[in-house]
Every structure is written in structure tokens, then in C-alpha cells.
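Comments concern the structure below.
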There are 2 protein chains.
Amino acid sequence: MLLISMTIAKAFAPSHITGFFVPVMRERAVESGSLGAGVCLEDGVVAEVALQDETRVTMEGEPFRSAPLVDALLELTSEPLWVDLHLDAPLGAGFGASGASILAALSAANHMLGLSLTCNEIATMAHRAEVVGRTGLGDVAAQVTGGVVLRIKEGIPPHGRVVHIPTKSVPVSWACFGEISTAAVLENVAVRKRILRAGRSCLKKLLDRPTLENFMLESRRFTEEVGLAGESVVDAIETAEASGVVAAQAMLGDTVFAIGENLFSEFENSGTSQINHTGVVLLK
Amino acid sequence: MLLISMTIAKAFAPSHITGFFVPVMRERAVESGSLGAGVCLEDGVVAEVALQDETRVTMEGEPFRSAPLVDALLELTSEPLWVDLHLDAPLGAGFGASGASILAALSAANHMLGLSLTCNEIATMAHRAEVVGRTGLGDVAAQVTGGVVLRIKEGIPPHGRVVHIPTKSVPVSWACFGEISTAAVLENVAVRKRILRAGRSCLKKLLDRPTLENFMLESRRFTEEVGLAGESVVDAIETAEASGVVAAQAMLGDTVFAIGENLFSEFENSGTSQINHTGVVLLK
């Protein structure tokens, strides 16, 4: 591997677990996205960026395919860039790793190349890449600010609109049992119908009383009503419930989550992460 | 002092140094405020809230007069509350301590009383109290998110609009030489005219190339063009400049600030604080 320059920029973006959502697709990507609610976590993505002989993406140094990320980089600049990703949360499991990767990579590249884009311009570019690539609909809108985010108008701000639920830095536990293809789920007409109906109802009820507790209750209701949870997720939710903890499925992933420390440590692929309140930030 | 309840909620809000601004007053307070740019700091205000026999505010336990804060508390609830403030930055010196106090106190009270307001609703209430009380015009809009904030439409979001400049967690140094009355400055017609002209020009130029470096350059230009800096601030700016550092006046305070560590440590009332990226957060 021939490095043309030293690594000179590094950025972090939080992962984002969606509790419930309503996809809304329009002609323009910045006006498309989803309504819904989710929580950002300190575990996320760190992207290191360096100039190199061609644009390519690696994860911990190994080649990594991410068409939306490469598209976004090429939209940002004609300079060939090497992006190396470090992920603290699982891929394809409902953590918004794709959105976090694009947001972190674009932020680092913007800084390294002195392009002077604002956070909002970077977020718009990242959201567009996600919507066009069908890798995410609402993660970027949340990951740019952090916290517990309600997306009350679809798209990226200022087209979209978000509000935040005030929360302490509490821990969120999760366990991941596999991957789910977001695109495949959204193509199923019957599932789509259930998602639209349940998602709208959950958002309405959460807006009536926006608290972290109600975010978890509405997320669990969404999990039940859309019926996308596999056996392992259902088992984990019931086990948590037996000890008085409200758990739900991360949308869309074969993953369970709940507020609290080490709630799912019996499972192989599990972890705990504090709620993140910074959103995307430059590290170097 | 008779405590009816234990202290059961605590929140933090960052201080906010404004580099330049344009006041814009309209009939409705949520649509009033200022255009401009500023930076949020880790040094800020912690508010502890407890139920008590009457609504009152103290600072480190000593009685403290803050009409806008009391007004905001009475708008939030009819419950009598005791709010104790802890400030890491000077008062009346251009750190937005008033806005931070209201934001932190309302957030803690909202949590303690289970009122379930969103961050945005709390910010709207805090902004309104500041505008009506003439204690601040743009601090709250920045302090709710943290970071380096450009206020590109006056008022509190979603009426107002902000964009963020991506920045690392760099240190900001300051030195404070006294107090300035915001209200008295804004009542001077000639000064107001200079502020409007310089502020609009600085915002336009910073939006052309929104970087932290340019934020400091435009802030210094604003300092020069509005001519509100006292002798001490002018001296400190020139001393910094002699060693290659761009310094400016904190608006509105008899205070100088610049990017870097311990730049003004020769002065009695000085300090250094990292840029804050969380905005207002609950602590307990």
C-alpha cells in the first residue's frame, strides 16, 4: 500500500439505532427520508482520510465495498482519497453504520482538503448518498446532532425537521443476531403497509409525551406491529421484559436494544454504549 | 434555608461567545433575535433544581437576581422551585451566561417535574425570556446544540436557522476586564447603525468560506468596525496579534478571546476552555 500523504484528518460519527420509522420517498433525495425516532450512541465510526493515488475505502486496512460512500466522496472532490474506517458497532444490523461512515469520511475529507463546507452541507451530501443508494433513510439526520432524535418531517434539515428529547448520558445495551437487508424489507408491499401505519401511530403517540421511556415503549409497539423480529430478537425482548426492562428491535436489523448496562451480555455479539450528544465531530 | 425536597435534577449548558451579530427585533419574540456567529465553550453553567416553598434563584447558595430566569420558570410551571447556579465563566462579560442559566435551569426543571418538553420547546421558552428581558438575542439558539454556530436567520429554530462549522475540540482563551450593558449599547443609534452594517458584512463573508479561522478574522473585523472595545481589550488584541494570533472582542462584553491555550494568562481574570459540542445536557 503506497501512501502518497500522511493521514491528516480523522472524524467520528455516532451510530444510530432507529426504534420506529415511516419511509417517505419523493423526487428529490434531500426531501426524501423517513419520519421516526432513534438514539445515537458513543460507539460509532471513526474515518481516517489521506490523499492517495486512487479513491478507495478500507476497514481497518482491509478492502471494503461501499458504493454510497465512494459516490459521496466523488461528489465532494475530484481528489483521489483513501478512507480507512474503524467501526465500534456491527454492520448491517440497524446501527446506521453506513450513514455514520459517510458522515465521518466526508467531514474528515472536507477538513483535510480545506473545502470549508458546513456540517449541514456535509450532512446533505451524506443523506443524498444514503437515499440514492438505499442504505438508509433517517440515520444521517440524527447522526449530525446526536442525542435522542425525533424526525418529524422527512429529509435532511432544513428540508427535514428534527426535535430532541432531553436525556442524561445513560447506557444502551444491544445484542445482534445477524443482518437484515433494508431494501428487501421495504420492497414487500404488505410489510410496507404495516410499517407506514404503525410508524405514524408511534410518532404521534411519542410526540404527545416525548420521553426516553415512551421512546422505548413506542419502539416495542412498532416491533410487535410490523412483525419483522426473528426468533432470537423476540426471545431477547421477552427475557428483558421478564426482568422489567422494555426492549425493542433495532430498525432494520436482526438486533435487540434497551436502556441499561450489560442487559444482553449472555449473547455472543452484544455490547453497551452511552448515548452520544455531540453528533459528528472532527478528531484530527 | 428549608429544603422541601432533595435536589433531584441537574443540567449543564455551555457558555457562548459571540464574535459578531446583527440584532433583529420583530413583534414575536421567537422570530426576534440576531444573525451572527459565535462559539460554545465547555465552561458554562450547571443548574441544580429542587422543589421548595417559593421560586427563587441562588448562585452557589447566595441569593441571585435574574428576572428572565424567574419569568421562564414561572412560564414552565406553577410549582415553586429553587434553582442554584454554578458558573464557570464570568457574568455580564459576553459569555451568554444568562442564556445558559435559563437553558440549564429549564432543562433540569423539565426533567424533575416530568413535563416531557423537547429540547426545542425548552429552547423556545429560554429564547423568549432572553429577548423579552433584553439579556440576549442569539445565545440560546447556539447553546442548545453547541459547536461553532452561524445564525443565518434570526430567532429560535425552527423560526430561526443555524448552520455549524465543523471543528475539532480546540481550546479558546479569554480575558475579561469588566462588564458591558448590552441594553445600553443597543440603545445608542450610531452604534446600532455600525453594528448592523458590520454584522451583515461579516456574516456574508463568513458564509462564503465558513471556517474557524475566518470566524476569528471576521470577528476581529467586527471589533474594529463597531469600535466598542475598551483600552484593555484593544491592548490584548494587539499583543495577541504581535505573536501571530487573531483575537477579537466577545460581543457584548469587556472581554477578549482567541483560539489557543493560555493566551491571556498574564491577566487576572482569564481562562481557557475547549469548544463544547453537546449543547445543553441533563446531568442528573
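For the C-alpha cells, the naming scheme is as follows: chains receive sequential letters (A, B, ...) according to their order of presentation, residues are indexed from 1 within each chain, and ligands are indexed from 1 in presentation order.
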message: Taking only C-alpha atoms into account and nothing else, which residues of chain B lie no more than 10 Å away from chain A? Please answer as a ChimeraX atom specification.
response: /B:10-11,107-108,110-111,114-122,145-147,149-150,157-158,161-170,207-212,214,276-284
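If you measure from each of A:Trp82, A:Leu73, A:Pro90, A:Gly19 to A:Arg56 using only C-alpha atoms, the closest one turns out to be A:Trp82.
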message: Just to confirm, what's the straight-line distance from atom CA of B:Phe222 to atom CA of B:Leu186 in Å (one decimal)?
response: 15.2 Å
Which of stretch 116-152 of chain A fall in strand (DSSP E), as a short mmCIF file (atom, residue, chain, number, x, y, z; two decimals) with N, CA, C and O atoms, in the first residue's frame:
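Dumped everything to part_1.cif:
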data_model
loop_
_atom_site.label_atom_id
_atom_site.label_comp_id
_atom_site.auth_asym_id
_atom_site.auth_seq_id
_atom_site.Cartn_x
_atom_site.Cartn_y
_atom_site.Cartn_z
N VAL A 148 -31.21 11.79 21.40
CA VAL A 148 -32.42 11.02 21.07
C VAL A 148 -33.26 11.90 20.16
O VAL A 148 -33.74 12.96 20.57
N VAL A 149 -33.38 11.46 18.92
CA VAL A 149 -33.88 12.35 17.85
C VAL A 149 -35.22 11.87 17.31
O VAL A 149 -35.36 10.71 16.93
N LEU A 150 -36.19 12.77 17.26
CA LEU A 150 -37.47 12.50 16.58
C LEU A 150 -37.43 13.21 15.24
O LEU A 150 -37.24 14.42 15.17
N ARG A 151 -37.61 12.44 14.18
CA ARG A 151 -37.64 13.04 12.85
C ARG A 151 -39.12 13.33 12.53
O ARG A 151 -39.88 12.41 12.24
N ILE A 152 -39.48 14.61 12.62
CA ILE A 152 -40.91 14.95 12.50
C ILE A 152 -41.27 15.42 11.10
O ILE A 152 -42.43 15.59 10.79
#
message: Write out as JSON, numbers by chain the set of residues from stretch 4-210 of chain B that DSSP, computed on the backbone, places in helix (DSSP H, G or I).
response: {"B": [29, 30, 31, 67, 68, 69, 70, 71, 72, 73, 74, 75, 76, 97, 98, 99, 100, 101, 102, 103, 104, 105, 106, 107, 108, 109, 110, 111, 112, 119, 120, 121, 122, 123, 124, 125, 126, 127, 128, 129, 130, 131, 132, 133, 139, 140, 141, 142, 143, 182, 183, 184, 185, 186, 187, 189, 190, 191, 192, 193, 194, 195, 196, 197, 198, 199, 200, 201, 202, 203, 204, 205, 206, 207, 208]}
query: Neighbours of A:Ala29 within 8 Å (only C-alpha atoms; same-chain residues fewer than 6 positions away dropped), as a VMD selection string?
result: chain A and resid 127 to 128 131 to 132 155
Using only N, CA, C and O atoms, please write the residues we just selected to a file, as a CSV table (one decimal), in the first residue's frame.
chain,number,residue,atom,x,y,z
A,127,HIS,N,-26.7,12.4,3.3
A,127,HIS,CA,-28.1,11.9,3.3
A,127,HIS,C,-28.5,11.5,1.9
A,127,HIS,O,-29.1,10.5,1.6
A,128,ARG,N,-28.1,12.4,0.9
A,128,ARG,CA,-28.4,12.1,-0.5
A,128,ARG,C,-27.8,10.8,-1.0
A,128,ARG,O,-28.4,10.0,-1.6
A,131,VAL,N,-29.9,7.9,0.6
A,131,VAL,CA,-31.2,7.8,0.0
A,131,VAL,C,-31.1,7.2,-1.4
A,131,VAL,O,-31.8,6.2,-1.8
A,132,VAL,N,-30.1,7.7,-2.2
A,132,VAL,CA,-29.9,7.2,-3.6
A,132,VAL,C,-29.4,5.7,-3.5
A,132,VAL,O,-29.9,4.9,-4.3
A,155,GLY,N,-36.5,13.9,5.4
A,155,GLY,CA,-35.5,14.6,4.6
A,155,GLY,C,-34.4,15.1,5.6
A,155,GLY,O,-34.5,14.9,6.8
Residues of stretch 146-211 of chain B at most 10 Å from stretch 229-236 of chain B: nearest atom pair and distance in Å, only C-alpha atoms, as CSV:
residue,atom,partner,partner_atom,distance
B:Trp174,CA,B:Ala236,CA,9.8
B:Ala175,CA,B:Ala236,CA,8.4
B:Cys176,CA,B:Val233,CA,8.3
B:Phe177,CA,B:Ser232,CA,6.9
B:Gly178,CA,B:Gly230,CA,9.6
Selection from above, C-alpha atoms, as a PDB file, in the first residue's frame, can you write it?
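Everything below was put into selection-v2.pdb:
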ATOM      1  CA  TRP B 174     -10.243  34.630  27.061  1.00  0.00           C
ATOM      2  CA  ALA B 175      -9.555  37.515  29.401  1.00  0.00           C
ATOM      3  CA  CYS B 176     -12.250  39.641  30.980  1.00  0.00           C
ATOM      4  CA  PHE B 177     -11.746  43.257  32.056  1.00  0.00           C
ATOM      5  CA  GLY B 178     -15.214  44.247  33.241  1.00  0.00           C
TER       6      GLY B 178
END
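Of the residues under consideration (A:Ile180, A:Ile8, A:Leu81, A:Ala247), A:Ile180 shows the shortest atom-to-atom contact distance to A:Ala93 when counting only C-alpha atoms.
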- prompt: For the atom pair atom CA of B:Asp53 and atom CA of B:Ala123, what is the interatomic distance in Å to one decimal place?
  reply: 26.2 Å
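Neighbouring residues of B:Ala183 at 10 Å or closer, counting only C-alpha atoms and skipping chain neighbours under 5 positions away, are Gly133, Arg134, Thr135, Gly136, Asn188 and Leu252 of chain B.
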message: Give me the residues near stretch 257-262 of chain A as an MDAnalysis selection string, where near means some atom within 8 Å (using only C-alpha atoms) and where sequence neighbours in that chain fewer than 2 positions away do not count.
response: chainID A and resid 170:175 216 245:250 255 264:265 271:272
